[in-house]
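What follows is a single structure, written as C-alpha cells, with notes after it.
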Amino acid sequence: MSGANSSLGVPHEGGVPHNDDGVPDPGELSGIPRSSAPPAPRPPMAHSLRDAGMAALVALGLFVPLVGLRTDVGPGGGGLIIRTRWADVAILVGLVFAGRLLLNLWTTFRPAPKPRTAQRSAMIARVGTWVAPVLLAYAVLLPMLPGTTRYGLDLGILVLTYVMLGWGLNIVVGLAGLLDLGYVAFYAVGAYSYALLSTTFGLSFWVCLPLAGLLAAFWGVLLGFPVLRLRGDYLAIVTLAFGEIIRVVLLNWVSLTGGPNGISGIPRPSFFGLSFSAGGGPGSFSDFFGLEPSPTHRVVFLYYVILALALLTNWVTIRLRRQPLGRAWEALREDEIACRALGINVTNTKLTAFAIGAMFGGFAGAFFATRQAFISPESFTFIESAIILAIVVLGGLGSQLGVAIAALVMIGGFEAFRDLEEWRMLVFGGAMVVIMVWRPRGLVSSRTPSVSLGKRRAIAAELVGQGR
Amino acid sequence: MAYALQQLINGVALGMIYGLIAVGYTMVYGIIGMINFAHGDIFMVGAFISLISFVLIAAGGWTAGPGAILLVLLVSMAVTALYGWSVERVAYRPLRGSFRLAPLISAIGMSIVLQNYVQVAQGARVKPIEAIVTGNLELWHGNGFAVSVSSMQALIVVVTLGVLAVFTWLVTRTPLGRAMRACEQDRKMAGLLGIDTDRTISITFVIGAALASVAGTMYLLRYGVIDFYIGFLAGVKAFTAAVLGGIGSLPGAVLGGLLIGLIETFWSAYFSVQYKDVATFAILVITLIFMPTGLLGRAEVEKV
Amino acid sequence: MSAPVLQVRELVMRFGGLTAVNQVSFNARAGDITAVIGPNGAGKTTVFNLITGFYRPSAGEILLHGRSGERALHRTPGHRIAQEGVARTFQNIRLFPGMTVLENLLVAQHNRLQASTFFGIGAALGLGRYRAAERAAVDLAKHWLEATRLLDRADDAAGSLPYGAQRRLEIARAMCTEPVLLCLDEPAAGLNPRESEELSELIRLIRASGCSILLIEHDMGVVMKISDRVVVLDHGKKIADGTPAEVRADETVIAAYLGEGDEDDTPAVPLEGAA
C-alpha cells in the first residue's frame with residue numbers, strides 16, 4: 001500500500017514544480033537538458049565540441065541505414081534494390097553537429113536567465129489585453145480587407161475551424177482536466193449527422209446545425225458515462241479507442257455512411273433561404289441583393305458562419321467559467337477528491353464538460369460537412385485529434401487567447417509550408433516537440449481568476465493543476 | 001476443431017509480436033508514468049532497419065539462413081535502440097518532472113516525426129520482401145483440414161521466448177534491473193540513494209526499442225510487406241495489450257499481447273475481418289471500465 | 001444530555017483480510033467537540049472516510065441527524081453527504097491550488113449557486129437571481145475569511161499561501177458548505193504552538209456558530225483543551241470513550257499509547273503522519 005502511495009496519494013504530482021535537481025522553473029529550460037542547465041558549471045569550448053561530436057556520431061548511426069540506404073522496388077517490379085545517398089547523410093550529420101554546437105555555445109554564453117518578475121508578467125498581461133481585440137478585429141474585417149484572396153479566405157476558414165475545435169476541446173481538457181484523445185469522434189458525429197440528415201431528409205443546414213450539436217453531445221454523454229471515472233492516461237487511451245471505433249464503423253457501415261467513399265453532394269448552407277448558386281438566378285443571394293453572381297459570396301458567407309460559431313464557443317466558455325459550473329470544472333481539474341467532499345457531483349460535472357465540448361465539436365463537424373460538401377472517414381483520423389489536442393496544449397491549457405494563437409501558428413504555418421509537401425508533416429511534428437520543450441505549459445500559461453474582491457491578478461502556471 | 005487449433009497457433013504467433021511491443025510500453029509507463037506514443041513508430045523503424053539489412057545481405061549475395069537472420073536481428077536491435085535512446089534524449093528528458101501533458105504532446109509529435117521521416121527517407125510505397133523463412137510443419141491431419149505450424153511461426157515463438165528470457169534475466173537478476181525497479185517504485189528516492197536515474201531511464205528506452213525492433217523483424221518476416229504507417233495500429237494494439245495485462249507488469253504485457261493476438265485472430269476467423277480492430281478497442285474499453293488494473297496489475301488504492 | 005448529531009453503530013471496515021475498523025460505536029452530540037484519538041494505524045482516518053462517504057462500510061450504521069432529519073450516511077452517495085451537512089478537511093491538505101482563495105470558497109457553495117442558476121441556463125444569460133445568489137455567496141465567503149484572518153489574501157492563489165494559512169483556508173472552505181457537522185482530520189499537524197493556539201480558538205468559534213465538530217488529532221494539548229468528549233481507538237477497536245479527564249486516567253488508553261503507565265499528557269512516541 002505504501003508503494004502506491006508515492007504516486008497516488010499526493011495531489012497535483014504533475015502540477016507542482018519538481019525541484020528534484022534544484023532547477024526552479026521548468027518553463028525556463030528553453031530546450032536545454034536539465035543536467036546542463038544552470039547552476040551547473042558552464043562547459044568550456046572543448047567540452048562543447050566533444051559533445052557536438054558525440055551528437056554527430058549518434059546522428060551518423062541514425063541516418064546511415066534509413067537515409068543513406070534508400071530501398072526502392074527494382075526495375076523489373078521484383079525485389080528491392082538499394083540506392084546509396086551518402087551526401088545526404090553527410091549534410092544531416094553536419095547539421096546535427098553544427099546545431100548541437102550552437103546550442104551548447106548558446107547555453108554557455110547567453111546572459112543569465114532573468115527570473116520571471118511580476119513586472120514581466122504584468123507586461124505580458126497588458127500585451128494580452130490588446131492582442132485579443134486586434135486579432136478579433138482582424139478576423140472580422142479579413143474578407144473586406146483589400147488584397148484578401150480566395151485562398152486567404154479558405155485558409156481563414158480552416159484556421160477558424162481549428163480555433164473552434166481547440167476552444168471546444170479546451171473545455172474538456174483545459175478546464176475540466178479530462179484528457180480526451182478522441183475528440184475527432186464528435187467532429188465526425190457532427191459531420192455525418194448533418195450529411196445524413198440533409199441528404200436523406202433534405203433538412204437545411206440551420207435546422208441540422210443544432211441537431212448535429214445535440215447528437216454529438218448525446219454521444220459525448222454516452223461514451224463519457226462509463227469511462228469518466230478513469231484517470232489521466234487511461235481516459236486518454238479509452239477516448240482514443242472510442243475515436244478509432246467510430247472511424248472504423250464509419251468505414252465499414254457502407255449502407256449508411258458510404259464506407260470509404262464517404263458522402264458527397266452535401267447541401268450548402270443558405271442565407272435566410274437565399275442560395276449561393278454560381279449562376280445567380282431567382283432566389284439566389286446575388287439576385288436578391290442585385291449583385292454580380294460570384295463564388296466568393298459563398299466563401300465570405302462561410303467565413304462569417306465559422307467565425308460566428310467560433311465566437312459563440314468562446315462566449316459560452318467565458319461565461320461558463322465565471323459561473324458555478326465552470327468553477328466546478330476547474331476545481332475538478334485541481335482536486336477531484338476535494339470536490340467530492342464539498343458535495344459536488346463529480347460524474348455529472350464531468351459529463352457536462354464532456355457533453356458541451358462534444359457539442360461544439362459537433363457544430364464544427366456540421367460546418368465542415370457543409371463547407372466541403374463531401375466527407376469520408378479519412379478526415380477523422382487519430383491525427384486530427386492529436387492536432388486539436390496539440391493546439392490546446394501548445395496554446396496553454398484553459399487560455400482562450402493561447403488556443404487561438406496556437407491554431408493560427410500551427411494550421412497557418414502548416415498551410416504556409418504547402419510547397420514542402422511530405423516534409424511539412426515532419427516539420428509539424430518537430431514543431432510540436434520543440435514548442436513543448438521550450439514552453440511545457442504552452443504559450444499563454446497563467447490563469448485569470450474568475451472572480452475577485454479587489455484587482456484580478458493572474459495566477460502563475462506552476463500552481464495550476466492539469467487534472468489527472 | 002482443427003480450424004480452431006490452427007487459429008490458436010496463428011493467434012499465438014501474432015500475440016508474441018504484440019507482446020514484444022507491449023513490454024516497451026509497460027516498462028516506460030512503469031518508470032516514468034507516460035504513454036510513449038512514439039513506441040509504435042520505433043517498432044516500425046525496427047522493421048525498416050531489418051528490411052534494409054535483408055536487402056543488403058541479398059545484394060551481397062549471401063544466402064539467407066539462420067546466420068543472416070541473427071545478424072539482421074542484431075543490427076536492427078542496435079540501430080533501433082539508438083533511435084529509442086535519441087527519442088528519449090531529445091523529446092522526453094528535457095520535460096522530465098514537467099507538467100503531465102507536455103511529454104504526451106511531445107511524444108505524439110515524435111510519433112509524427114518518425115512516421116514522416118521514414119516516409120521521406122524511404123518513400124511512401126509499401127516495401128515488399130521475398131519470403132525468407134519458408135516451410136511448414138504439419139502437426140495433424142484430420143477431416144480434410146491440416147493443422148500446421150509454419151517455420152515462420154515457430155521462429156517467431158522461439159525468438160520471442162528467447163529474447164524475453166534474456167530480458168527477464170536482465171530485469172530480475174542484474175544490478176541494472178534492480179535500479180530499474182527502484183526507479184519504478186520511487187524515482188526521487190532512487191536518485192538520493194545514488195542510482196543514476198537518467199541513465200536508468202535511458203537504458204529502459206534502449207531495451208524497449210530493442211524489443212520492439214525484434215517485433216519489427218518478426219513482423220517483416222511474417223507479413224512480407226511494411227510501410228511507414230504500420231507503427232500506429234500496432235502501437236495502439238500493443239498498448240491495449242499492456243493495459244489488458246496490467247500496465248507496469250512485464251509478464252502482464254506478454255500475457256496481454258497473447259490475448260490480443262488470440263482475440264483478433266479468432267474474431268477475424270469467426271466474425272468479421274473488417275471489425276477486428278473494433279474488437280480490440282472494445283476489449284480495451286471493457287477492461288479499463290471493469291478491471292482498471294488489468295489482469296496482473298497492482299491495485300491502485302486511492303489515499304484520501 | 002443533548003441529542004446526538006451523529007451516531008456510529010457497530011461500524012466494520014475490512015480491506016481484504018485486514019479489519020481496519022472493528023465494531024466501533026460512538027455518538028457525537030450536537031454542539032460538542034468530539035475528538036477521535038489513537039495511535040498510528042488505529043483506524044481513525046478510516047472512520048472519517050466512512051463517515052464522509054469515501055469508503056462504504058462492510059457492516060454497521062452511520063446515522064446523521066441533520067437538516068432533513070435522520071439520514072443513513074452509510075447508504076448515501078459520497079457527494080450527497082456534504083449536501084446533508086457533513087463537511088471535512090483532509091490530513092494532507094487538499095485545496096484547489098491554482099484557484100484563488102475566494103474561488104475556493106465559492107466552489108464550496110457550488111450546489112446552492114448552481115440551484116439558483118436553473119442549472120447554468122440562467123447564469124449564462126446573467127439573470128438577476130443568480131447575481132443576488134453570488135453576492136450572498138461572496139458575503140458568506142468573506143465572513144469565513146475574516147474568521148480565519150485570510151481576507152487580505154482573498155485574491156491570491158490558494159497554492160501560494162503558507163502552510164498554516166492553507167490549513168485555515170481548508171477549514172473556511174468546509175464551513176462555506178454550511179455544515180451541521182465538521183470533520184477535521186489532524187488540523188494541527190505541522191502547525192507551530194502559536195498557530196495551534198489560534199486553531200483552538202477557531203474551532204471554538206465554529207462550535208459557537210452552532211456547528212458540531214468531530215476531530216482527529218495527535219496534538220494532545222489541543223485535544224485535551226478543547227474537546228468535550230474523546231473516543232479512543234486502537235487497532236480498529238474502541239478502547240475508551242468519555243470526557244478528556246476520564247480518558248486521560250484510563251489505564252487501557254495509557255497502555256495503548258505507551259505500553260506502560262505514564263502521567264504525561266503528550267505521548268512520548270512521535271505520532272506524526274499516521275496513515
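Letters for chains follow the order of the C-alpha cells (A, B, ...), residue numbers begin at 1 for each chain, and ligand numbers begin at 1 in the order shown.
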
Worksheet entry | chain A contacts on chain B, only C-alpha atoms, 6 Å, as a PyMOL selection string | chain B and resi 94+97+99-100+102+106+109+112-113+116+121-122+278+281+285+303

Could you please take those selected residues and save N, CA and C atoms as a PDB file, in the first residue's frame?
```
ATOM      1  N   PRO B  94      14.185  16.509 -21.589  1.00  0.00           N
ATOM      2  CA  PRO B  94      14.046  17.919 -21.177  1.00  0.00           C
ATOM      3  C   PRO B  94      12.731  18.187 -20.454  1.00  0.00           C
ATOM      4  N   GLY B  97       9.821  15.707 -15.105  1.00  0.00           N
ATOM      5  CA  GLY B  97       9.386  16.489 -13.953  1.00  0.00           C
ATOM      6  C   GLY B  97       8.560  17.681 -14.370  1.00  0.00           C
ATOM      7  N   PHE B  99       5.100  19.325 -16.612  1.00  0.00           N
ATOM      8  CA  PHE B  99       3.674  19.098 -16.468  1.00  0.00           C
ATOM      9  C   PHE B  99       3.253  17.874 -17.250  1.00  0.00           C
ATOM     10  N   ARG B 100       2.205  17.272 -16.777  1.00  0.00           N
ATOM     11  CA  ARG B 100       1.826  15.942 -17.219  1.00  0.00           C
ATOM     12  C   ARG B 100       1.613  15.843 -18.713  1.00  0.00           C
ATOM     13  N   ALA B 102       2.790  17.726 -21.153  1.00  0.00           N
ATOM     14  CA  ALA B 102       3.883  18.118 -22.029  1.00  0.00           C
ATOM     15  C   ALA B 102       4.575  16.905 -22.654  1.00  0.00           C
ATOM     16  N   SER B 106       4.663  15.930 -26.649  1.00  0.00           N
ATOM     17  CA  SER B 106       5.986  15.746 -27.232  1.00  0.00           C
ATOM     18  C   SER B 106       6.088  14.356 -27.873  1.00  0.00           C
ATOM     19  N   GLY B 109       4.151  14.305 -31.045  1.00  0.00           N
ATOM     20  CA  GLY B 109       4.963  14.997 -32.050  1.00  0.00           C
ATOM     21  C   GLY B 109       6.065  14.097 -32.571  1.00  0.00           C
ATOM     22  N   ILE B 112       4.747  11.576 -34.993  1.00  0.00           N
ATOM     23  CA  ILE B 112       4.541  12.183 -36.322  1.00  0.00           C
ATOM     24  C   ILE B 112       5.886  12.335 -37.029  1.00  0.00           C
ATOM     25  N   VAL B 113       6.888  12.784 -36.283  1.00  0.00           N
ATOM     26  CA  VAL B 113       8.219  12.983 -36.872  1.00  0.00           C
ATOM     27  C   VAL B 113       8.749  11.665 -37.423  1.00  0.00           C
ATOM     28  N   ASN B 116       6.893  10.434 -40.594  1.00  0.00           N
ATOM     29  CA  ASN B 116       7.130  11.204 -41.805  1.00  0.00           C
ATOM     30  C   ASN B 116       8.592  11.206 -42.205  1.00  0.00           C
ATOM     31  N   ALA B 121      12.415   9.514 -46.070  1.00  0.00           N
ATOM     32  CA  ALA B 121      13.704   8.856 -46.328  1.00  0.00           C
ATOM     33  C   ALA B 121      13.539   7.602 -47.179  1.00  0.00           C
ATOM     34  N   GLN B 122      12.445   6.879 -46.988  1.00  0.00           N
ATOM     35  CA  GLN B 122      12.321   5.590 -47.659  1.00  0.00           C
ATOM     36  C   GLN B 122      11.149   5.526 -48.640  1.00  0.00           C
ATOM     37  N   VAL B 278     -12.200  -3.022 -34.097  1.00  0.00           N
ATOM     38  CA  VAL B 278     -13.226  -2.637 -33.128  1.00  0.00           C
ATOM     39  C   VAL B 278     -13.209  -3.605 -31.955  1.00  0.00           C
ATOM     40  N   PHE B 281     -10.349  -2.685 -29.662  1.00  0.00           N
ATOM     41  CA  PHE B 281     -10.597  -1.464 -28.899  1.00  0.00           C
ATOM     42  C   PHE B 281     -11.705  -1.677 -27.888  1.00  0.00           C
ATOM     43  N   VAL B 285     -11.618  -0.935 -23.870  1.00  0.00           N
ATOM     44  CA  VAL B 285     -12.583  -0.140 -23.117  1.00  0.00           C
ATOM     45  C   VAL B 285     -13.180  -0.961 -21.986  1.00  0.00           C
ATOM     46  N   LYS B 303      -5.553   7.072  -1.839  1.00  0.00           N
ATOM     47  CA  LYS B 303      -5.476   7.557  -0.466  1.00  0.00           C
ATOM     48  C   LYS B 303      -6.237   8.851  -0.342  1.00  0.00           C
TER      49      LYS B 303
END
```

Item to complete: Please provide as a VMD selection string all residues within 6 Å of region 50-59 of chain C, with the sequence filter that same-chain residues fewer than 5 positions apart are discarded (counting only C-alpha atoms).
Response: chain C and resid 11 to 13 78

Worksheet item: Could you list, as a PyMOL selection string, every residue of chain A that has an atom within 9 Å of an atom of chain C, counting only C-alpha atoms?
Response: chain A and resi 9-12+316+319-320+322-325+327-328+330-335+337-346+447-465

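Residues surrounding Gly11 (chain B) within 10 Å are B:Leu5, B:Gln153, B:Gly257, B:Leu258, B:Leu259, B:Ile260, B:Gly261, B:Leu262, B:Ile263, B:Glu264, B:Thr265, B:Phe266 [only C-alpha atoms; sequence separation below 6 positions excluded].
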
Fill in: Which of region 36-271 of chain B DSSP labels helix (DSSP H, G or I), written as a ChimeraX atom specification
/B:39-59,66-95,101-122,151-173,175-185,187-192,197-223,230-245,250-270
